[in-house]
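Raw contents of work_30.pdb, PDB, C-alpha atoms and all ligand atoms:
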MODEL        1
ATOM      1  CA  MET A   1     125.791 -63.542  -0.169
ATOM      2  CA  GLU A   2     127.223 -62.107   3.007
ATOM      3  CA  LYS A   3     127.509 -64.087   6.188
ATOM      4  CA  PHE A   4     125.534 -62.640   9.075
ATOM      5  CA  LEU A   5     126.776 -63.404  12.522
ATOM      6  CA  ASN A   6     123.798 -62.153  14.492
ATOM      7  CA  ASP A   7     122.807 -64.836  16.939
ATOM      8  CA  GLY A   8     119.752 -66.610  15.684
ATOM      9  CA  GLY A   9     119.056 -63.980  13.063
ATOM     10  CA  GLU A  10     121.176 -65.552  10.358
ATOM     11  CA  ASP A  11     118.493 -67.481   8.547
ATOM     12  CA  ALA A  12     115.919 -64.709   8.612
ATOM     13  CA  LEU A  13     118.364 -62.187   7.176
ATOM     14  CA  ALA A  14     119.564 -64.592   4.509
ATOM     15  CA  VAL A  15     115.963 -65.193   3.476
ATOM     16  CA  ARG A  16     115.283 -61.465   3.310
ATOM     17  CA  CYS A  17     118.334 -60.978   1.101
ATOM     18  CA  ARG A  18     117.239 -63.771  -1.227
ATOM     19  CA  ASP A  19     113.755 -62.264  -1.403
ATOM     20  CA  PHE A  20     115.303 -58.899  -2.149
ATOM     21  CA  ASP A  21     117.242 -60.307  -5.110
ATOM     22  CA  ARG A  22     114.066 -61.694  -6.659
ATOM     23  CA  ASN A  23     112.049 -58.546  -5.899
ATOM     24  CA  TYR A  24     114.749 -56.220  -7.201
ATOM     25  CA  ALA A  25     114.754 -57.955 -10.597
ATOM     26  CA  LEU A  26     110.958 -57.589 -10.777
ATOM     27  CA  VAL A  27     111.065 -53.916  -9.796
ATOM     28  CA  LEU A  28     113.729 -53.186 -12.411
ATOM     29  CA  GLU A  29     111.590 -54.917 -15.037
ATOM     30  CA  ARG A  30     108.536 -52.871 -14.061
ATOM     31  CA  LEU A  31     110.597 -49.701 -14.200
ATOM     32  CA  GLU A  32     111.965 -50.618 -17.605
ATOM     33  CA  ARG A  33     108.481 -51.298 -18.992
ATOM     34  CA  ALA A  34     107.002 -48.094 -17.561
ATOM     35  CA  ALA A  35     109.855 -45.968 -18.903
ATOM     36  CA  GLU A  36     109.489 -47.583 -22.300
ATOM     37  CA  LYS A  37     105.754 -46.828 -22.275
ATOM     38  CA  ALA A  38     106.583 -43.221 -21.441
ATOM     39  CA  GLY A  39     109.148 -43.059 -24.229
ATOM     40  CA  ARG A  40     112.031 -42.408 -21.859
ATOM     41  CA  PRO A  41     115.119 -44.426 -21.031
ATOM     42  CA  ALA A  42     114.852 -46.206 -17.689
ATOM     43  CA  SER A  43     118.154 -44.560 -16.787
ATOM     44  CA  ASP A  44     116.247 -41.254 -16.502
ATOM     45  CA  VAL A  45     114.470 -42.599 -13.452
ATOM     46  CA  THR A  46     116.219 -42.852 -10.096
ATOM     47  CA  LEU A  47     115.077 -45.834  -8.058
ATOM     48  CA  LEU A  48     115.265 -44.997  -4.381
ATOM     49  CA  ALA A  49     114.924 -47.871  -1.926
ATOM     50  CA  ALA A  50     112.690 -46.837   0.975
ATOM     51  CA  THR A  51     114.464 -48.594   3.805
ATOM     52  CA  LYS A  52     112.375 -47.882   6.906
ATOM     53  CA  THR A  53     112.244 -50.942   9.207
ATOM     54  CA  VAL A  54     114.796 -52.755   7.030
ATOM     55  CA  PRO A  55     117.808 -53.998   9.049
ATOM     56  CA  ALA A  56     121.238 -52.638   8.108
ATOM     57  CA  PRO A  57     122.625 -55.954   6.757
ATOM     58  CA  VAL A  58     119.729 -56.238   4.313
ATOM     59  CA  ILE A  59     120.219 -52.621   3.209
ATOM     60  CA  ASN A  60     123.919 -53.314   2.677
ATOM     61  CA  HIS A  61     123.011 -56.354   0.616
ATOM     62  CA  ALA A  62     120.714 -54.173  -1.523
ATOM     63  CA  LEU A  63     123.495 -51.615  -1.983
ATOM     64  CA  ALA A  64     125.947 -54.323  -3.015
ATOM     65  CA  ALA A  65     123.332 -55.593  -5.483
ATOM     66  CA  GLY A  66     123.193 -52.223  -7.219
ATOM     67  CA  VAL A  67     120.787 -49.952  -5.331
ATOM     68  CA  THR A  68     122.202 -46.425  -5.555
ATOM     69  CA  HIS A  69     119.784 -44.386  -3.414
ATOM     70  CA  ILE A  70     118.139 -45.011  -0.071
ATOM     71  CA  GLY A  71     115.477 -43.087   1.796
ATOM     72  CA  GLU A  72     114.813 -43.197   5.516
ATOM     73  CA  ASN A  73     111.764 -41.869   7.367
ATOM     74  CA  ARG A  74     112.636 -41.625  11.010
ATOM     75  CA  VAL A  75     115.577 -39.747  12.465
ATOM     76  CA  GLN A  76     116.185 -42.109  15.380
ATOM     77  CA  GLU A  77     115.963 -45.221  13.246
ATOM     78  CA  TYR A  78     118.343 -43.779  10.654
ATOM     79  CA  LEU A  79     120.872 -42.773  13.314
ATOM     80  CA  SER A  80     120.703 -46.219  14.918
ATOM     81  CA  LYS A  81     121.537 -47.902  11.597
ATOM     82  CA  TYR A  82     123.874 -45.251  10.187
ATOM     83  CA  GLU A  83     127.251 -46.563  11.374
ATOM     84  CA  ALA A  84     126.470 -50.058  10.107
ATOM     85  CA  LEU A  85     125.526 -48.905   6.597
ATOM     86  CA  ARG A  86     127.987 -48.899   3.695
ATOM     87  CA  LEU A  87     127.005 -45.583   2.197
ATOM     88  CA  ASP A  88     130.058 -44.638   0.131
ATOM     89  CA  GLY A  89     128.768 -43.121  -3.096
ATOM     90  CA  VAL A  90     125.147 -43.770  -2.133
ATOM     91  CA  GLY A  91     122.487 -41.059  -2.392
ATOM     92  CA  ARG A  92     121.087 -40.662   1.133
ATOM     93  CA  HIS A  93     117.619 -39.150   1.212
ATOM     94  CA  PHE A  94     115.383 -38.297   4.109
ATOM     95  CA  ILE A  95     111.761 -38.873   3.122
ATOM     96  CA  GLY A  96     109.781 -38.766   6.368
ATOM     97  CA  HIS A  97     108.160 -36.004   8.337
ATOM     98  CA  LEU A  98     110.956 -33.964   9.925
ATOM     99  CA  GLN A  99     110.655 -31.845  13.041
ATOM    100  CA  THR A 100     112.743 -28.697  13.078
ATOM    101  CA  ASN A 101     114.442 -29.675  16.362
ATOM    102  CA  LYS A 102     115.760 -32.908  14.777
ATOM    103  CA  VAL A 103     117.262 -31.247  11.707
ATOM    104  CA  LYS A 104     120.690 -30.850  13.276
ATOM    105  CA  LEU A 105     120.910 -34.599  13.936
ATOM    106  CA  ILE A 106     120.824 -35.536  10.255
ATOM    107  CA  VAL A 107     122.058 -32.650   8.087
ATOM    108  CA  ASP A 108     125.554 -34.121   7.948
ATOM    109  CA  LYS A 109     124.201 -37.599   7.125
ATOM    110  CA  VAL A 110     121.888 -36.960   4.182
ATOM    111  CA  ASP A 111     122.279 -35.591   0.671
ATOM    112  CA  MET A 112     118.674 -34.645   0.097
ATOM    113  CA  ILE A 113     115.609 -33.949   2.212
ATOM    114  CA  GLU A 114     112.530 -34.752   0.129
ATOM    115  CA  SER A 115     109.930 -33.915   2.723
ATOM    116  CA  VAL A 116     110.242 -30.155   3.215
ATOM    117  CA  ASP A 117     106.702 -29.036   3.955
ATOM    118  CA  SER A 118     107.164 -25.496   5.292
ATOM    119  CA  VAL A 119     109.281 -22.376   4.994
ATOM    120  CA  ARG A 120     110.083 -22.792   8.678
ATOM    121  CA  LEU A 121     111.553 -26.266   8.182
ATOM    122  CA  ALA A 122     113.566 -25.062   5.180
ATOM    123  CA  ALA A 123     114.919 -22.205   7.307
ATOM    124  CA  ALA A 124     115.975 -24.633  10.058
ATOM    125  CA  ILE A 125     117.743 -26.834   7.504
ATOM    126  CA  GLY A 126     119.455 -23.805   5.971
ATOM    127  CA  GLU A 127     120.649 -22.610   9.340
ATOM    128  CA  GLU A 128     122.211 -25.958  10.294
ATOM    129  CA  CYS A 129     123.758 -26.360   6.850
ATOM    130  CA  LYS A 130     125.382 -22.964   6.962
ATOM    131  CA  LYS A 131     127.217 -24.080  10.110
ATOM    132  CA  LEU A 132     128.626 -26.987   8.102
ATOM    133  CA  ASP A 133     129.342 -24.923   5.000
ATOM    134  CA  LYS A 134     126.956 -27.160   3.144
ATOM    135  CA  THR A 135     123.992 -26.583   0.864
ATOM    136  CA  MET A 136     121.225 -29.136   1.237
ATOM    137  CA  ASP A 137     119.281 -30.278  -1.785
ATOM    138  CA  ILE A 138     115.613 -30.322  -0.904
ATOM    139  CA  LEU A 139     112.302 -31.196  -2.487
ATOM    140  CA  VAL A 140     109.140 -29.396  -1.492
ATOM    141  CA  GLU A 141     106.475 -31.862  -0.420
ATOM    142  CA  VAL A 142     103.069 -31.201  -1.954
ATOM    143  CA  ASN A 143      99.830 -32.310  -0.319
ATOM    144  CA  ILE A 144      98.430 -33.123  -3.733
ATOM    145  CA  GLY A 145      95.223 -34.668  -2.411
ATOM    146  CA  GLU A 146      94.687 -31.711  -0.066
ATOM    147  CA  GLU A 147      94.160 -34.164   2.767
ATOM    148  CA  GLU A 148      93.593 -32.706   6.169
ATOM    149  CA  ASN A 149      96.007 -34.807   8.203
ATOM    150  CA  LYS A 150      98.785 -35.047   5.670
ATOM    151  CA  SER A 151     101.995 -33.037   5.533
ATOM    152  CA  GLY A 152     102.844 -31.054   2.480
ATOM    153  CA  VAL A 153     102.177 -27.694   0.953
ATOM    154  CA  ALA A 154      98.757 -27.120  -0.650
ATOM    155  CA  PRO A 155      99.028 -26.861  -4.448
ATOM    156  CA  ALA A 156      97.526 -23.367  -4.367
ATOM    157  CA  VAL A 157     100.383 -21.968  -2.281
ATOM    158  CA  LEU A 158     103.212 -24.039  -3.753
ATOM    159  CA  GLU A 159     104.600 -21.291  -5.958
ATOM    160  CA  GLU A 160     104.625 -18.760  -3.140
ATOM    161  CA  THR A 161     106.259 -21.309  -0.823
ATOM    162  CA  VAL A 162     108.936 -22.104  -3.405
ATOM    163  CA  ARG A 163     109.620 -18.389  -3.834
ATOM    164  CA  GLN A 164     110.097 -17.959  -0.093
ATOM    165  CA  ILE A 165     112.250 -21.051   0.373
ATOM    166  CA  ALA A 166     114.358 -20.070  -2.634
ATOM    167  CA  GLN A 167     115.566 -17.057  -0.664
ATOM    168  CA  ILE A 168     116.896 -19.151   2.194
ATOM    169  CA  GLU A 169     120.648 -19.676   2.287
ATOM    170  CA  GLY A 170     121.924 -23.208   2.809
ATOM    171  CA  VAL A 171     119.179 -24.988   0.872
ATOM    172  CA  SER A 172     118.717 -25.572  -2.835
ATOM    173  CA  ILE A 173     115.309 -26.530  -4.222
ATOM    174  CA  ARG A 174     115.652 -29.430  -6.642
ATOM    175  CA  GLY A 175     112.033 -30.352  -7.252
ATOM    176  CA  ILE A 176     108.821 -31.522  -5.667
ATOM    177  CA  MET A 177     107.582 -34.687  -4.020
ATOM    178  CA  ALA A 178     104.189 -36.110  -3.122
ATOM    179  CA  ILE A 179     102.464 -39.012  -1.454
ATOM    180  CA  PRO A 180      99.020 -39.028  -3.086
ATOM    181  CA  PRO A 181      95.932 -40.257  -1.235
ATOM    182  CA  ILE A 182      95.225 -43.972  -1.065
ATOM    183  CA  CYS A 183      93.374 -44.689  -4.281
ATOM    184  CA  ASP A 184      91.107 -47.438  -5.550
ATOM    185  CA  GLY A 185      92.837 -47.957  -8.826
ATOM    186  CA  PRO A 186      95.413 -46.692 -11.283
ATOM    187  CA  ASP A 187      93.020 -44.192 -12.898
ATOM    188  CA  GLN A 188      92.403 -42.290  -9.701
ATOM    189  CA  ILE A 189      96.062 -42.144  -8.771
ATOM    190  CA  ARG A 190      97.060 -41.208 -12.310
ATOM    191  CA  HIS A 191      94.993 -38.060 -11.902
ATOM    192  CA  TYR A 192      97.130 -36.964  -8.921
ATOM    193  CA  PHE A 193     100.343 -37.800 -10.749
ATOM    194  CA  LYS A 194      99.197 -35.698 -13.710
ATOM    195  CA  GLN A 195      98.470 -32.777 -11.383
ATOM    196  CA  MET A 196     101.942 -33.091  -9.884
ATOM    197  CA  ARG A 197     103.521 -33.093 -13.316
ATOM    198  CA  GLU A 198     101.638 -29.926 -14.228
ATOM    199  CA  LEU A 199     102.818 -28.169 -11.051
ATOM    200  CA  PHE A 200     106.367 -29.345 -11.729
ATOM    201  CA  ILE A 201     106.324 -27.951 -15.266
ATOM    202  CA  ASP A 202     104.510 -24.710 -14.377
ATOM    203  CA  ILE A 203     106.834 -23.826 -11.525
ATOM    204  CA  GLY A 204     109.901 -24.894 -13.472
ATOM    205  CA  ALA A 205     108.864 -22.532 -16.264
ATOM    206  CA  LYS A 206     108.858 -19.589 -13.841
ATOM    207  CA  LYS A 207     112.629 -19.991 -13.450
ATOM    208  CA  ILE A 208     112.671 -18.845  -9.854
ATOM    209  CA  ASP A 209     116.226 -17.999  -8.727
ATOM    210  CA  ASN A 210     117.879 -20.698  -6.602
ATOM    211  CA  SER A 211     115.225 -23.243  -7.518
ATOM    212  CA  HIS A 212     115.850 -25.977 -10.079
ATOM    213  CA  MET A 213     112.892 -28.159 -10.914
ATOM    214  CA  VAL A 214     114.874 -31.292 -11.679
ATOM    215  CA  TYR A 215     113.227 -34.030  -9.629
ATOM    216  CA  LEU A 216     109.623 -35.104  -9.651
ATOM    217  CA  SER A 217     109.495 -37.623  -6.804
ATOM    218  CA  MET A 218     106.337 -39.718  -6.816
ATOM    219  CA  GLY A 219     105.339 -43.349  -6.991
ATOM    220  CA  MET A 220     105.712 -46.140  -4.441
ATOM    221  CA  SER A 221     105.459 -49.950  -4.546
ATOM    222  CA  GLY A 222     101.896 -50.155  -5.812
ATOM    223  CA  ASP A 223     101.948 -47.373  -8.346
ATOM    224  CA  PHE A 224     105.457 -46.403  -9.422
ATOM    225  CA  ASP A 225     104.802 -47.692 -12.944
ATOM    226  CA  THR A 226     101.917 -45.246 -13.303
ATOM    227  CA  ALA A 227     104.021 -42.469 -11.763
ATOM    228  CA  VAL A 228     106.826 -43.044 -14.265
ATOM    229  CA  GLU A 229     104.337 -43.059 -17.130
ATOM    230  CA  GLU A 230     103.180 -39.663 -15.866
ATOM    231  CA  GLY A 231     106.648 -38.164 -15.593
ATOM    232  CA  ALA A 232     108.191 -39.210 -12.272
ATOM    233  CA  ASN A 233     111.974 -39.367 -12.406
ATOM    234  CA  LEU A 234     112.485 -40.382  -8.776
ATOM    235  CA  VAL A 235     110.441 -43.240  -7.345
ATOM    236  CA  ARG A 236     110.510 -44.391  -3.734
ATOM    237  CA  VAL A 237     109.992 -48.128  -3.389
ATOM    238  CA  GLY A 238     109.906 -50.073  -0.125
ATOM    239  CA  ALA A 239     107.657 -53.122   0.148
ATOM    240  CA  ALA A 240     108.075 -54.203  -3.470
ATOM    241  CA  LEU A 241     111.813 -54.554  -2.778
ATOM    242  CA  PHE A 242     112.024 -55.652   0.838
ATOM    243  CA  GLY A 243     108.677 -57.359   1.416
ATOM    244  CA  LYS A 244     105.726 -56.226   3.467
ATOM    245  CA  ARG A 245     106.565 -54.309   6.639
ATOM    246  CA  LEU A 246     105.309 -56.161   9.724
TER     247      LEU A 246
HETATM  248  C1  LIG A 301     107.465 -45.993   3.095
HETATM  249  C2  LIG A 301     107.543 -44.913   2.106
HETATM  250  C3  LIG A 301     107.656 -45.192   0.741
HETATM  251  C4  LIG A 301     107.642 -46.589   0.177
HETATM  252  O1  LIG A 301     106.383 -47.168   0.337
HETATM  253  P1  LIG A 301     106.111 -48.652  -0.182
HETATM  254  O2  LIG A 301     104.639 -48.728  -0.322
HETATM  255  O3  LIG A 301     106.653 -49.570   0.847
HETATM  256  O4  LIG A 301     106.819 -48.791  -1.482
HETATM  257  C5  LIG A 301     107.768 -44.123  -0.127
HETATM  258  N1  LIG A 301     107.752 -42.844   0.306
HETATM  259  C6  LIG A 301     107.643 -42.541   1.610
HETATM  260  C7  LIG A 301     107.646 -41.124   2.020
HETATM  261  C8  LIG A 301     107.524 -43.559   2.537
HETATM  262  O5  LIG A 301     107.387 -43.257   3.828
ENDMDL
END
Show this structure as structure tokens.
Amino acid sequence: MEKFLNDGGEDALAVRCRDFDRNYALVLERLERAAEKAGRPASDVTLLAATKTVPAPVINHALAAGVTHIGENRVQEYLSKYEALRLDGVGRHFIGHLQTNKVKLIVDKVDMIESVDSVRLAAAIGEECKKLDKTMDILVEVNIGEEENKSGVAPAVLEETVRQIAQIEGVSIRGIMAIPPICDGPDQIRHYFKQMRELFIDIGAKKIDNSHMVYLSMGMSGDFDTAVEEGANLVRVGAALFGKRL
């Protein structure tokens, strides 16, 4: 365990790291069981730690413990923690709603943007990446529940959106992502995961140039087991690893 020198914060951080160790083992077990149920090796599934509100020392502890991918939601929060994070060899994903005017602040600090919900945003990312001679891996976010106040592309226009984004230089489509509606139980949410899997397979089969349907990102703390059973190969887990956000 690392020593934390923050005044007064030492005990709280140490406790959070201990909690993480216990939670991480449980999450890995759940992942293992779900993958087994789905007849896939657990190594096919990337576990991304959703690190919003988690202090940098706790994230670093998680990385030292074996976490290989992190996802942040807010540009300002990510920038404020960035220098303190030990991110060598770590997959850095952006998973929150991204405004086009903030794109330039993070393109050099992330490896994938999972939350691309418009052609316009993809174009802004492409433009900034071209300046850096970089191609950004992106996922297209799908509003699978067709909820009014949620970001994401409606399923009905996903293919057309993918076709348009695929023509943009500086971005490379690697799959799709969704945050399904809050559901009452596993059966309801399973239905959304199944729909996502169908979209993923259908669009992948169209073999659109410059789009590679590799990642199906779905499943969070309460439902990632179900998501993996239904084909997710990238799950984004926050509270089940780091404890409830206050
Ligand atoms: C916070 C967040 C997660 C993780 O949610 P938990 O319920 O804490 O596991 C996953 N995806 C996105 C986009 C998030 O914002």
Within 9 Å of Pro155 in chain A, counting only C-alpha atoms, which residues show up once you throw out same-chain ones fewer than 3 positions away? Write them as a ChimeraX atom specification, please.
/A:142-146,152,158-159,196,199
Quick one: residues within 12 Å of range 202-208 of chain A, only C-alpha atoms counted, chain neighbours fewer than 2 positions away excluded, as a ChimeraX atom specification?
/A:140,155-167,172-176,195-200,210-216
Taking a cut-off of 7 Å and counting only C-alpha atoms and all ligand atoms, can you build a table that, for each residue of chain A near ligand LIG 301 (chain A), reports the nearest atom pair and how far apart they are in Å (one decimal), sorted by chain then residue number, as a tab-separated table?
residue	atom	partner	partner_atom	distance
A:Ala50	CA	A:LIG301	C4	5.1
A:Lys52	CA	A:LIG301	C1	6.5
A:Asn73	CA	A:LIG301	O5	5.8
A:Ile95	CA	A:LIG301	C7	4.8
A:Gly96	CA	A:LIG301	C7	5.4
A:Ile179	CA	A:LIG301	C7	6.6
A:Met220	CA	A:LIG301	O4	4.1
A:Ser221	CA	A:LIG301	O4	3.5
A:Gly222	CA	A:LIG301	O2	6.3
A:Arg236	CA	A:LIG301	C5	4.5
A:Val237	CA	A:LIG301	O4	3.8
A:Gly238	CA	A:LIG301	O3	3.4
A:Ala239	CA	A:LIG301	O3	3.8
A:Ala240	CA	A:LIG301	O4	5.9
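Distance-wise, CA of His69 in chain A and CA of Asp184 in chain A end up 28.9 Å apart.
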Box centre and edge lengths (Å, one decimal), axis-aligned, range 108-118 of chain A plus 4 Å each side, as lines of an AutoDock Vina configuration file:
center_x = 116.1
center_y = -31.5
center_z = 4.0
size_x = 26.9
size_y = 20.1
size_z = 15.9
Could you write out as a CSV table (one decimal) with C-alpha atoms, in the coordinates of the input the residues that the PyMOL selection byres (((chain A and resi 20) around 12) and not hetatm) matches in the shown file?
chain,number,residue,atom,x,y,z
A,1,MET,CA,125.8,-63.5,-0.2
A,13,LEU,CA,118.4,-62.2,7.2
A,14,ALA,CA,119.6,-64.6,4.5
A,15,VAL,CA,116.0,-65.2,3.5
A,16,ARG,CA,115.3,-61.5,3.3
A,17,CYS,CA,118.3,-61.0,1.1
A,18,ARG,CA,117.2,-63.8,-1.2
A,19,ASP,CA,113.8,-62.3,-1.4
A,21,ASP,CA,117.2,-60.3,-5.1
A,22,ARG,CA,114.1,-61.7,-6.7
A,23,ASN,CA,112.0,-58.5,-5.9
A,24,TYR,CA,114.7,-56.2,-7.2
A,25,ALA,CA,114.8,-58.0,-10.6
A,26,LEU,CA,111.0,-57.6,-10.8
A,27,VAL,CA,111.1,-53.9,-9.8
A,28,LEU,CA,113.7,-53.2,-12.4
A,49,ALA,CA,114.9,-47.9,-1.9
A,51,THR,CA,114.5,-48.6,3.8
A,54,VAL,CA,114.8,-52.8,7.0
A,57,PRO,CA,122.6,-56.0,6.8
A,58,VAL,CA,119.7,-56.2,4.3
A,59,ILE,CA,120.2,-52.6,3.2
A,60,ASN,CA,123.9,-53.3,2.7
A,61,HIS,CA,123.0,-56.4,0.6
A,62,ALA,CA,120.7,-54.2,-1.5
A,63,LEU,CA,123.5,-51.6,-2.0
A,64,ALA,CA,125.9,-54.3,-3.0
A,65,ALA,CA,123.3,-55.6,-5.5
A,66,GLY,CA,123.2,-52.2,-7.2
A,67,VAL,CA,120.8,-50.0,-5.3
A,238,GLY,CA,109.9,-50.1,-0.1
A,239,ALA,CA,107.7,-53.1,0.1
A,240,ALA,CA,108.1,-54.2,-3.5
A,241,LEU,CA,111.8,-54.6,-2.8
A,242,PHE,CA,112.0,-55.7,0.8
A,243,GLY,CA,108.7,-57.4,1.4
A,244,LYS,CA,105.7,-56.2,3.5
Residue neighbourhood range 75-79 of chain A, 9 Å, all atoms listed in the file, exclusion window fewer than 3 positions, as an NGL selection string:
:A and (52-53 or 72 or 82-83 or 94 or 96 or 98 or 102-103 or 105-106 or 109)
Applied to the shown file, which residues does the PyMOL selection byres (((chain A and resi 227) around 9) and not hetatm) return, written as a list in words?
Ala34, Ile189, Arg190, Phe193, Lys194, Ser217, Met218, Gly219, Met220, Asp223, Phe224, Asp225, Thr226, Val228, Glu229, Glu230, Gly231, Ala232, Asn233 and Val235 of chain A
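CA of Met136 in chain A is positioned 6.2 Å from CA of Met112 in chain A.
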Contact residues around range 122-132 of chain A with all atoms listed in the file at 8 Å, ignoring same-chain residues under 4 positions, as a ChimeraX atom specification:
/A:100,103-104,107-108,116,118,136,165,168-171
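Among the candidates A:Glu114, A:Asp137, A:Glu147, A:Asp11, the one nearest to Pro180 in chain A when counting only C-alpha atoms is A:Glu147.
For the choices A:Val110, A:Leu31, A:Ala38, A:Ala12, the atom-to-atom distance to Lys134 in chain A is smallest for A:Val110 when using all atoms listed in the file.
In this model, the gap between CA of Gly71 in chain A and CA of Arg92 in chain A comes to 6.1 Å.
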List the neighbours of Ala42 in chain A out to 8 Å using only C-alpha atoms; skip same-chain residues closer than 5 positions along the sequence, and give me the result as an NGL selection string.
:A and (31-32 or 35-36)
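For the structure shown here, the set of residues caught by the PyMOL selection byres (((chain A and resi 90) around 6) and not hetatm) is Thr68, His69, Leu87, Asp88, Gly89 and Gly91 of chain A.
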Would you save range 30-43 of chain A from the block above with N, CA, C and O atoms, as a PDB file, in the first residue's frame?
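Result saved to result-v2.pdb:
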ATOM      1  N   ARG A  30     -17.135 -11.793 -10.687  1.00  0.00           N
ATOM      2  CA  ARG A  30     -18.399 -11.633 -11.432  1.00  0.00           C
ATOM      3  C   ARG A  30     -18.141 -11.710 -12.932  1.00  0.00           C
ATOM      4  O   ARG A  30     -18.884 -12.338 -13.680  1.00  0.00           O
ATOM      5  N   LEU A  31     -17.073 -11.048 -13.352  1.00  0.00           N
ATOM      6  CA  LEU A  31     -16.727 -11.016 -14.770  1.00  0.00           C
ATOM      7  C   LEU A  31     -16.419 -12.426 -15.272  1.00  0.00           C
ATOM      8  O   LEU A  31     -16.882 -12.847 -16.334  1.00  0.00           O
ATOM      9  N   GLU A  32     -15.650 -13.128 -14.473  1.00  0.00           N
ATOM     10  CA  GLU A  32     -15.262 -14.503 -14.796  1.00  0.00           C
ATOM     11  C   GLU A  32     -16.505 -15.376 -14.965  1.00  0.00           C
ATOM     12  O   GLU A  32     -16.645 -16.101 -15.955  1.00  0.00           O
ATOM     13  N   ARG A  33     -17.423 -15.272 -14.013  1.00  0.00           N
ATOM     14  CA  ARG A  33     -18.642 -16.096 -14.044  1.00  0.00           C
ATOM     15  C   ARG A  33     -19.506 -15.752 -15.257  1.00  0.00           C
ATOM     16  O   ARG A  33     -20.040 -16.622 -15.924  1.00  0.00           O
ATOM     17  N   ALA A  34     -19.639 -14.452 -15.535  1.00  0.00           N
ATOM     18  CA  ALA A  34     -20.488 -14.031 -16.659  1.00  0.00           C
ATOM     19  C   ALA A  34     -19.892 -14.502 -17.982  1.00  0.00           C
ATOM     20  O   ALA A  34     -20.603 -14.976 -18.871  1.00  0.00           O
ATOM     21  N   ALA A  35     -18.570 -14.380 -18.107  1.00  0.00           N
ATOM     22  CA  ALA A  35     -17.907 -14.797 -19.343  1.00  0.00           C
ATOM     23  C   ALA A  35     -18.067 -16.304 -19.531  1.00  0.00           C
ATOM     24  O   ALA A  35     -18.354 -16.776 -20.636  1.00  0.00           O
ATOM     25  N   GLU A  36     -17.935 -17.019 -18.431  1.00  0.00           N
ATOM     26  CA  GLU A  36     -18.081 -18.475 -18.492  1.00  0.00           C
ATOM     27  C   GLU A  36     -19.490 -18.837 -18.969  1.00  0.00           C
ATOM     28  O   GLU A  36     -19.668 -19.699 -19.823  1.00  0.00           O
ATOM     29  N   LYS A  37     -20.486 -18.144 -18.405  1.00  0.00           N
ATOM     30  CA  LYS A  37     -21.879 -18.380 -18.788  1.00  0.00           C
ATOM     31  C   LYS A  37     -22.082 -18.110 -20.279  1.00  0.00           C
ATOM     32  O   LYS A  37     -22.887 -18.757 -20.945  1.00  0.00           O
ATOM     33  N   ALA A  38     -21.340 -17.123 -20.785  1.00  0.00           N
ATOM     34  CA  ALA A  38     -21.481 -16.750 -22.191  1.00  0.00           C
ATOM     35  C   ALA A  38     -20.590 -17.614 -23.088  1.00  0.00           C
ATOM     36  O   ALA A  38     -20.579 -17.446 -24.307  1.00  0.00           O
ATOM     37  N   GLY A  39     -19.828 -18.499 -22.481  1.00  0.00           N
ATOM     38  CA  GLY A  39     -18.954 -19.366 -23.262  1.00  0.00           C
ATOM     39  C   GLY A  39     -17.770 -18.653 -23.880  1.00  0.00           C
ATOM     40  O   GLY A  39     -17.277 -19.031 -24.935  1.00  0.00           O
ATOM     41  N   ARG A  40     -17.326 -17.574 -23.193  1.00  0.00           N
ATOM     42  CA  ARG A  40     -16.167 -16.838 -23.698  1.00  0.00           C
ATOM     43  C   ARG A  40     -15.127 -16.759 -22.601  1.00  0.00           C
ATOM     44  O   ARG A  40     -15.467 -16.750 -21.425  1.00  0.00           O
ATOM     45  N   PRO A  41     -13.857 -16.618 -22.967  1.00  0.00           N
ATOM     46  CA  PRO A  41     -12.862 -16.396 -21.915  1.00  0.00           C
ATOM     47  C   PRO A  41     -13.000 -14.983 -21.343  1.00  0.00           C
ATOM     48  O   PRO A  41     -13.316 -14.041 -22.090  1.00  0.00           O
ATOM     49  N   ALA A  42     -12.808 -14.857 -20.055  1.00  0.00           N
ATOM     50  CA  ALA A  42     -12.915 -13.538 -19.419  1.00  0.00           C
ATOM     51  C   ALA A  42     -11.929 -12.556 -20.028  1.00  0.00           C
ATOM     52  O   ALA A  42     -12.145 -11.342 -20.022  1.00  0.00           O
ATOM     53  N   SER A  43     -10.840 -13.087 -20.592  1.00  0.00           N
ATOM     54  CA  SER A  43      -9.830 -12.210 -21.191  1.00  0.00           C
ATOM     55  C   SER A  43     -10.347 -11.501 -22.447  1.00  0.00           C
ATOM     56  O   SER A  43      -9.744 -10.547 -22.915  1.00  0.00           O
TER      57      SER A  43
END
